[in-house]
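Reviewing the structure listed below.
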Amino acid sequence: MGERAGATGAGPEAADEAAGLEPAELAARRQALAELIELMRPAVQMDGGDLELVDVDYAAGVVEVQLQGACGSCAISATTLQGGVERLLKERLPWVTEVRGGVDETVDPFESMAAGRGAYVPRYY
């Protein structure tokens, strides 16, 4: 997972200072985000998918996530990202300003469909 405390390019310490983030605040943001991602993962995993934290800019509040597994063939994966993941991150972490997301499309579509257990995943009998 990539992490950026700020976008100055002068190293993590300079980025923290430039963004006005104290080390304690940065640590608190890291911990809160990790806990919230872990809280959401089981719901996605129940349908054969997974949620991965790809990149974070803690100073700007930009979080990038990726849905994996059965999410690749799920008709409502965009809704899961926007209505579920993005909504929860913004509601529970006031510093989050933007959530970017996508679906891991490297998984074979048939393998993805076979992994799903939810009602929205097509099943072939």
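Ordering of the structure tokens sets the chain letters (A, B, ...), residue numbers begin anew at 1 in every chain, and ligands are numbered from 1 in the order given.
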Need the shell around segment 75-78 of chain A: protein/DNA/RNA residues with any atom at most 10 Å away, counting only C-alpha atoms. Skip same-chain ones fewer than 2 positions apart. Format as a ChimeraX atom specification? /A:44,49,67-68,70-73,80-85,101-103,120-122
Output file for the residues above (C-alpha atoms, as an mmCIF file, in the first residue's frame):
data_model
loop_
_atom_site.group_PDB
_atom_site.id
_atom_site.type_symbol
_atom_site.label_atom_id
_atom_site.label_comp_id
_atom_site.auth_asym_id
_atom_site.auth_seq_id
_atom_site.Cartn_x
_atom_site.Cartn_y
_atom_site.Cartn_z
ATOM 1 C CA VAL A 44 -17.421 -7.873 1.136
ATOM 2 C CA GLY A 49 -14.824 -10.527 -2.683
ATOM 3 C CA LEU A 67 -12.493 -4.476 -4.787
ATOM 4 C CA GLN A 68 -11.183 -7.935 -5.568
ATOM 5 C CA ALA A 70 -16.045 -11.980 -6.990
ATOM 6 C CA CYS A 71 -16.441 -8.199 -7.154
ATOM 7 C CA GLY A 72 -14.995 -8.350 -10.684
ATOM 8 C CA SER A 73 -18.168 -9.951 -12.017
ATOM 9 C CA THR A 80 -20.594 -1.054 -3.153
ATOM 10 C CA LEU A 81 -17.738 1.393 -3.715
ATOM 11 C CA GLN A 82 -19.848 4.525 -3.780
ATOM 12 C CA GLY A 83 -22.752 3.735 -1.481
ATOM 13 C CA GLY A 84 -20.852 1.579 0.951
ATOM 14 C CA VAL A 85 -17.119 2.149 1.114
ATOM 15 C CA GLY A 101 -11.800 2.995 -6.239
ATOM 16 C CA GLY A 102 -11.899 0.312 -8.798
ATOM 17 C CA VAL A 103 -12.308 -3.376 -9.330
ATOM 18 C CA TYR A 120 -26.291 -10.424 -7.691
ATOM 19 C CA VAL A 121 -23.662 -12.796 -9.034
ATOM 20 C CA PRO A 122 -24.945 -14.832 -11.985
#
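Shortest separation to Gly61 of chain A among A:Trp95, A:Thr106, A:Glu22, A:Gln45 occurs at residue A:Trp95, atoms counted being only C-alpha atoms.
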Q.
So that I can check the surroundings of Arg30 of chain A, please list as a PyMOL selection string every protein, DNA and RNA residue that reaches within 12 Å of it, counting only C-alpha atoms and ignoring chain neighbours fewer than 2 positions away.
A. chain A and resi 1+3-5+23-28+32-37+53+55-59+61+63+93+95-96
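In terms of minimum interatomic distance to Val54 of chain A, A:Gln66 ranks closest within A:Lys90, A:Arg41, A:Gln66, A:Cys74, counting only C-alpha atoms.
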From atom CA of Met46 of chain A to atom CA of Val62 of chain A the spacing works out at 26.6 Å
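Take atom CA of Ala60 of chain A and atom CA of Val99 of chain A: the distance between them is 11.1 Å.
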